[in-house]
$ cat start.csv   # CSV, C-alpha atoms
chain,number,residue,atom,x,y,z
A,26,MET,CA,-0.2,-33.3,33.5
A,27,GLU,CA,-2.8,-31.5,35.5
A,28,LYS,CA,-6.4,-31.9,34.3
A,29,ILE,CA,-8.5,-28.9,33.5
A,30,PRO,CA,-11.5,-28.9,35.8
A,31,ALA,CA,-15.0,-29.0,34.3
A,32,VAL,CA,-17.5,-26.6,35.9
A,33,GLU,CA,-21.2,-27.2,35.5
A,34,GLU,CA,-23.3,-24.1,34.7
A,35,PHE,CA,-26.6,-23.4,33.1
A,36,THR,CA,-26.9,-21.0,30.1
A,37,PRO,CA,-29.8,-18.8,31.1
A,38,THR,CA,-30.5,-17.7,27.5
A,39,GLN,CA,-31.2,-21.3,26.5
A,40,ILE,CA,-32.6,-23.2,29.5
A,41,HIS,CA,-34.8,-22.2,32.4
A,42,ASP,CA,-36.5,-24.8,34.7
A,43,GLY,CA,-36.1,-27.4,32.0
A,44,LYS,CA,-37.6,-25.2,29.2
A,45,LEU,CA,-35.5,-24.5,26.2
A,46,HIS,CA,-35.4,-20.9,24.8
A,47,VAL,CA,-33.8,-21.1,21.4
A,48,ARG,CA,-31.6,-18.2,20.6
A,49,LEU,CA,-31.3,-17.0,17.0
A,50,VAL,CA,-27.8,-16.5,15.9
A,51,ASN,CA,-26.0,-14.9,13.0
A,52,GLY,CA,-23.1,-16.1,10.9
A,53,ARG,CA,-22.0,-17.4,7.6
A,54,PHE,CA,-23.9,-20.7,7.8
A,55,GLN,CA,-27.0,-19.1,9.2
A,56,ASN,CA,-27.0,-16.7,6.2
A,57,LEU,CA,-26.6,-19.6,3.9
A,58,ARG,CA,-29.5,-21.4,5.6
A,59,ARG,CA,-31.7,-18.3,5.1
A,60,LEU,CA,-30.7,-18.1,1.5
A,61,ALA,CA,-31.8,-21.7,1.0
A,62,SER,CA,-35.0,-21.6,3.2
A,63,TRP,CA,-36.7,-18.4,2.1
A,64,PRO,CA,-36.9,-19.3,-1.6
A,65,LEU,CA,-38.3,-22.7,-0.6
A,66,ILE,CA,-40.9,-21.0,1.6
A,67,ALA,CA,-41.8,-18.7,-1.3
A,68,LEU,CA,-42.1,-21.7,-3.7
A,69,PHE,CA,-44.3,-23.6,-1.3
A,70,PHE,CA,-46.8,-20.7,-0.8
A,71,GLY,CA,-46.5,-19.4,-4.4
A,72,LEU,CA,-46.6,-22.5,-6.7
A,73,VAL,CA,-50.1,-23.5,-5.5
A,74,TRP,CA,-51.4,-20.3,-7.1
A,75,VAL,CA,-49.7,-20.7,-10.5
A,76,GLN,CA,-52.0,-21.6,-13.4
A,77,VAL,CA,-51.4,-22.6,-17.0
A,78,ASP,CA,-54.4,-22.2,-19.4
A,79,GLY,CA,-56.7,-21.9,-16.4
A,80,GLN,CA,-55.4,-25.1,-14.8
A,81,PRO,CA,-53.2,-25.4,-11.7
A,82,TRP,CA,-49.5,-25.9,-12.6
A,83,LEU,CA,-49.2,-28.5,-9.8
A,84,LEU,CA,-52.1,-30.6,-8.7
A,85,PHE,CA,-52.5,-34.2,-7.4
A,86,SER,CA,-56.3,-34.7,-7.7
A,87,PHE,CA,-57.6,-37.9,-6.1
A,88,GLU,CA,-61.2,-37.0,-6.8
A,89,GLU,CA,-60.6,-36.5,-10.6
A,90,ARG,CA,-57.8,-39.2,-10.7
A,91,ARG,CA,-55.4,-37.0,-12.5
A,92,ILE,CA,-52.1,-35.3,-12.0
A,93,LEU,CA,-51.1,-31.9,-13.3
A,94,LEU,CA,-47.3,-31.8,-13.2
A,95,PHE,CA,-45.7,-28.6,-14.4
A,96,GLY,CA,-48.6,-28.0,-16.8
A,97,ASN,CA,-48.6,-31.6,-18.2
A,98,ALA,CA,-51.7,-33.7,-17.6
A,99,LEU,CA,-51.0,-37.2,-16.4
A,100,SER,CA,-53.5,-40.0,-15.5
A,101,TRP,CA,-53.2,-42.6,-12.8
A,102,ARG,CA,-51.9,-44.9,-15.5
A,103,ASP,CA,-48.7,-42.8,-15.5
A,104,LEU,CA,-48.1,-43.5,-11.8
A,105,SER,CA,-45.1,-45.6,-12.7
A,106,LEU,CA,-43.4,-42.4,-14.1
A,107,LEU,CA,-44.3,-40.5,-10.9
A,108,ALA,CA,-43.0,-43.4,-8.8
A,109,GLY,CA,-39.7,-43.3,-10.7
A,110,LEU,CA,-39.4,-39.6,-10.0
A,111,LEU,CA,-40.1,-40.2,-6.3
A,112,ILE,CA,-37.6,-43.0,-6.1
A,113,ALA,CA,-35.0,-40.8,-7.8
A,114,GLY,CA,-35.7,-38.0,-5.3
A,115,ALA,CA,-35.4,-40.3,-2.4
A,116,GLY,CA,-32.1,-41.7,-3.7
A,117,LEU,CA,-30.8,-38.1,-4.2
A,118,LEU,CA,-31.8,-37.3,-0.6
A,119,PHE,CA,-30.0,-40.4,0.7
A,120,PHE,CA,-26.8,-39.6,-1.2
A,121,LEU,CA,-26.9,-36.0,0.0
A,122,ALA,CA,-27.2,-37.2,3.6
A,123,VAL,CA,-24.2,-39.6,3.1
A,124,ALA,CA,-22.0,-37.0,1.4
A,125,TRP,CA,-22.9,-33.9,3.4
A,126,GLY,CA,-24.4,-35.1,6.6
A,127,ARG,CA,-27.3,-33.0,7.9
A,128,VAL,CA,-27.3,-30.5,5.0
A,129,TRP,CA,-30.9,-31.5,4.3
A,130,CYS,CA,-32.0,-31.3,7.9
A,131,GLY,CA,-30.4,-28.0,8.5
A,132,PHE,CA,-31.1,-26.1,5.3
A,133,ALA,CA,-34.1,-27.6,3.6
A,134,CYS,CA,-36.1,-29.9,5.9
A,135,PRO,CA,-39.7,-28.5,6.2
A,136,GLN,CA,-39.7,-29.2,9.9
A,137,SER,CA,-36.5,-27.2,10.5
A,138,ILE,CA,-37.7,-24.3,8.3
A,139,TRP,CA,-41.1,-24.1,10.0
A,140,THR,CA,-39.6,-24.4,13.4
A,141,TRP,CA,-37.3,-21.4,12.7
A,142,LEU,CA,-40.4,-19.5,11.3
A,143,PHE,CA,-42.2,-20.0,14.6
A,144,ILE,CA,-39.1,-19.0,16.6
A,145,ARG,CA,-38.8,-15.8,14.6
A,146,ILE,CA,-42.4,-15.0,15.5
A,147,GLU,CA,-41.6,-15.7,19.1
A,148,ASP,CA,-38.7,-13.3,18.9
A,149,LEU,CA,-40.9,-10.7,17.3
A,150,THR,CA,-43.6,-10.8,19.9
A,151,GLU,CA,-42.0,-11.8,23.2
A,152,GLY,CA,-38.4,-10.8,22.6
A,153,ARG,CA,-35.1,-12.6,22.3
A,154,ALA,CA,-34.3,-15.8,24.2
A,155,ASP,CA,-32.4,-14.2,27.1
A,156,LYS,CA,-35.4,-11.9,27.8
A,157,ARG,CA,-37.9,-14.8,27.6
A,158,ALA,CA,-35.7,-16.9,30.0
A,159,ARG,CA,-35.6,-14.0,32.5
A,160,GLN,CA,-39.3,-13.6,32.4
A,161,GLU,CA,-40.1,-17.3,32.7
A,162,GLY,CA,-42.2,-18.0,35.8
A,163,ALA,CA,-43.1,-14.3,36.3
A,164,PRO,CA,-46.9,-13.4,36.5
A,165,LEU,CA,-48.5,-13.3,33.1
A,166,GLY,CA,-50.3,-10.0,32.8
A,167,GLY,CA,-50.3,-6.6,31.0
A,168,TRP,CA,-48.0,-6.3,28.0
A,169,ARG,CA,-46.5,-9.8,28.5
A,170,LEU,CA,-50.0,-11.4,28.3
A,171,LEU,CA,-50.8,-9.4,25.1
A,172,SER,CA,-47.4,-10.5,23.6
A,173,ARG,CA,-48.1,-14.1,24.5
A,174,PHE,CA,-51.6,-13.9,23.0
A,175,GLY,CA,-50.2,-12.3,19.8
A,176,LYS,CA,-47.5,-15.0,19.5
A,177,HIS,CA,-50.0,-17.9,19.6
A,178,LEU,CA,-52.4,-16.0,17.3
A,179,LEU,CA,-49.7,-15.6,14.7
A,180,TRP,CA,-48.6,-19.2,15.2
A,181,LEU,CA,-52.2,-20.4,14.6
A,182,LEU,CA,-52.5,-18.2,11.5
A,183,LEU,CA,-49.3,-19.6,10.0
A,184,ALA,CA,-50.3,-23.1,10.8
A,185,LEU,CA,-53.7,-22.6,9.1
A,186,ALA,CA,-52.0,-21.0,6.1
A,187,THR,CA,-49.7,-24.0,5.9
A,188,ALA,CA,-52.5,-26.4,6.0
A,189,VAL,CA,-54.6,-24.6,3.4
A,190,THR,CA,-51.6,-24.2,1.1
A,191,PHE,CA,-50.6,-27.9,1.4
A,192,THR,CA,-54.2,-29.0,0.7
A,193,GLY,CA,-54.2,-26.7,-2.3
A,194,TYR,CA,-51.9,-29.1,-4.0
A,195,PHE,CA,-54.6,-31.7,-3.9
A,196,ILE,CA,-57.7,-29.5,-4.3
A,197,PRO,CA,-57.5,-26.4,-6.4
A,198,ILE,CA,-56.7,-23.6,-4.0
A,199,ARG,CA,-59.2,-21.1,-5.4
A,200,GLU,CA,-61.9,-23.7,-5.2
A,201,LEU,CA,-60.9,-24.6,-1.7
A,202,LEU,CA,-61.0,-21.0,-0.4
A,203,SER,CA,-64.3,-20.3,-2.3
A,204,ASP,CA,-65.9,-23.3,-0.5
A,205,ALA,CA,-64.5,-22.1,2.8
A,206,VAL,CA,-65.9,-18.6,2.4
A,207,GLN,CA,-69.3,-19.9,1.3
A,208,LEU,CA,-69.4,-22.5,4.1
A,209,GLN,CA,-69.7,-25.3,1.6
A,210,MET,CA,-66.6,-27.2,2.5
A,211,SER,CA,-67.1,-30.9,3.2
A,212,ALA,CA,-66.6,-32.2,6.7
A,213,SER,CA,-63.7,-34.4,5.6
A,214,VAL,CA,-61.7,-31.5,4.1
A,215,ALA,CA,-62.5,-29.2,7.0
A,216,GLY,CA,-61.4,-32.0,9.4
A,217,TRP,CA,-58.2,-32.5,7.5
A,218,LEU,CA,-57.4,-28.8,7.6
A,219,LEU,CA,-58.0,-28.6,11.3
A,220,ILE,CA,-55.8,-31.7,12.0
A,221,MET,CA,-52.9,-30.5,9.9
A,222,ALA,CA,-53.1,-27.0,11.3
A,223,ALA,CA,-53.1,-28.4,14.8
A,224,LEU,CA,-50.2,-30.7,14.1
A,225,THR,CA,-48.2,-27.9,12.6
A,226,TYR,CA,-48.9,-25.6,15.5
A,227,LEU,CA,-48.0,-28.3,18.1
A,228,ASN,CA,-44.9,-29.5,16.3
A,229,ALA,CA,-43.2,-26.2,15.3
A,230,GLY,CA,-44.5,-24.2,18.3
A,231,LEU,CA,-44.8,-26.4,21.4
A,232,VAL,CA,-43.4,-29.9,21.1
A,233,ARG,CA,-39.9,-28.6,20.1
A,234,GLU,CA,-39.5,-27.3,23.6
A,235,LYS,CA,-40.5,-30.5,25.4
A,236,SER,CA,-38.2,-33.2,26.6
A,237,ALA,CA,-38.5,-36.3,28.7
A,238,CYS,CA,-36.4,-34.9,31.4
A,239,THR,CA,-34.6,-31.7,32.4
A,240,PRO,CA,-31.7,-31.1,30.0
A,241,ALA,CA,-28.3,-31.7,31.4
A,242,PRO,CA,-26.3,-28.6,32.3
A,243,THR,CA,-23.7,-27.2,29.9
A,244,ARG,CA,-20.3,-28.3,30.9
A,245,VAL,CA,-17.6,-25.5,30.5
A,246,SER,CA,-14.0,-26.3,31.0
A,247,ARG,CA,-12.0,-23.7,32.8
A,248,ALA,CA,-8.3,-23.5,33.3

$ encode --input "start.csv" --output "structure tokens"
Amino acid sequence: MEKIPAVEEFTPTQIHDGKLHVRLVNGRFQNLRRLASWPLIALFFGLVWVQVDGQPWLLFSFEERRILLFGNALSWRDLSLLAGLLIAGAGLLFFLAVAWGRVWCGFACPQSIWTWLFIRIEDLTEGRADKRARQEGAPLGGWRLLSRFGKHLLWLLLALATAVTFTGYFIPIRELLSDAVQLQMSASVAGWLLIMAALTYLNAGLVREKSACTPAPTRVSRA
């Protein structure tokens, strides 16, 4: 039986000089992923603003040593209950991974969701992956420079919004923003916000395209 030869070729819409350009695709599973991820994004950015009787609906306050969980006040003496919930959640995640593989990573993992958000911003500002790959290495000027600046500005704003929202689950979000506007934020809180925003920006925007070596070429079999 004659073997089908394997021909090495690069896919220009994905790889250029070792840099990956992720291409957004459509399909049934991509639509399912969006149906799962967009509500999770809305919950993350929305729940921090929900209040019950003037108190946050969800709050883990280290300063006041109390937990507000779905409107119920818990003290640190109830940590055993919270630990049980966390253990149950970790067990559920484990069994999901065993039964359905990478469902969590592909549909609900925060790193995956935020990475796709950053890629969508990239598509919006600089164009689709094939266009970005063709322009890679070209002089940066004019409209392309403006698009690149807009992309990084939106990335930074999203990273900062993510850091502020996450911190709002430990410090009441209204109090946090009020201190920021009045320049009364403590150095430790400001430092935490900057570090988390920087890590979000680097992880979802830049590090995802880095590799230790140039990716291997795509091998395509041809008869």

$ residues_around --input "start.csv" --residues "segment 88-95 of chain A" --least-positions-apart "6" --cutoff "12 Å" --atoms "all atoms listed in the file" --output "NGL selection string"
:A and (72-73 or 75-82 or 101-104 or 106-107 or 110 or 194-197)

$ closest_residue --input "start.csv" --among "A:Ala188, A:Leu181, A:Gly152, A:Val123" --to "Arg169 of chain A" --atoms "only C-alpha atoms"
A:Gly152

$ closest_residue --input "start.csv" --among "A:Ala115, A:Asp148, A:Ser172, A:Ala215" --to "Trp129 of chain A" --atoms "all atoms listed in the file"
A:Ala115

$ atom_distance --input "start.csv" --atom1 "atom CA of Asn97 of chain A" --atom2 "atom CA of Ala133 of chain A"
26.5 Å

$ atom_distance --input "start.csv" --atom1 "atom CA of Leu83 of chain A" --atom2 "atom CA of Gly96 of chain A"
7.0 Å

$ atom_distance --input "start.csv" --atom1 "atom CA of Trp141 of chain A" --atom2 "atom CA of Leu111 of chain A"
26.9 Å

$ closest_residue --input "start.csv" --among "A:Leu142, A:Leu45, A:Ala163, A:Leu208" --to "Arg59 of chain A" --atoms "all atoms listed in the file"
A:Leu142

$ closest_residue --input "start.csv" --among "A:Gly166, A:Gly193, A:Gly230, A:Pro135" --to "Leu178 of chain A" --atoms "all atoms listed in the file"
A:Gly230

$ residues_around --input "start.csv" --residues "Ala154 of chain A" --least-positions-apart "2" --cutoff "8 Å" --atoms "only C-alpha atoms" --output "list in words"
Thr38, Gln39, His46, Val47, Arg48, Leu49, Asp148, Gly152, Lys156, Arg157 and Ala158 of chain A

$ closest_residue --input "start.csv" --among "A:Arg127, A:Arg199, A:Arg153, A:Arg145" --to "Leu179 of chain A" --atoms "only C-alpha atoms"
A:Arg145

$ closest_residue --input "start.csv" --among "A:Trp125, A:Phe174, A:Phe191, A:Trp139" --to "Ser62 of chain A" --atoms "only C-alpha atoms"
A:Trp139

$ residues_around --input "start.csv" --residues "Met221 of chain A" --least-positions-apart "2" --cutoff "9 Å" --atoms "all atoms listed in the file" --output "VMD selection string"
chain A and resid 184 to 185 187 to 189 216 to 219 223 to 226
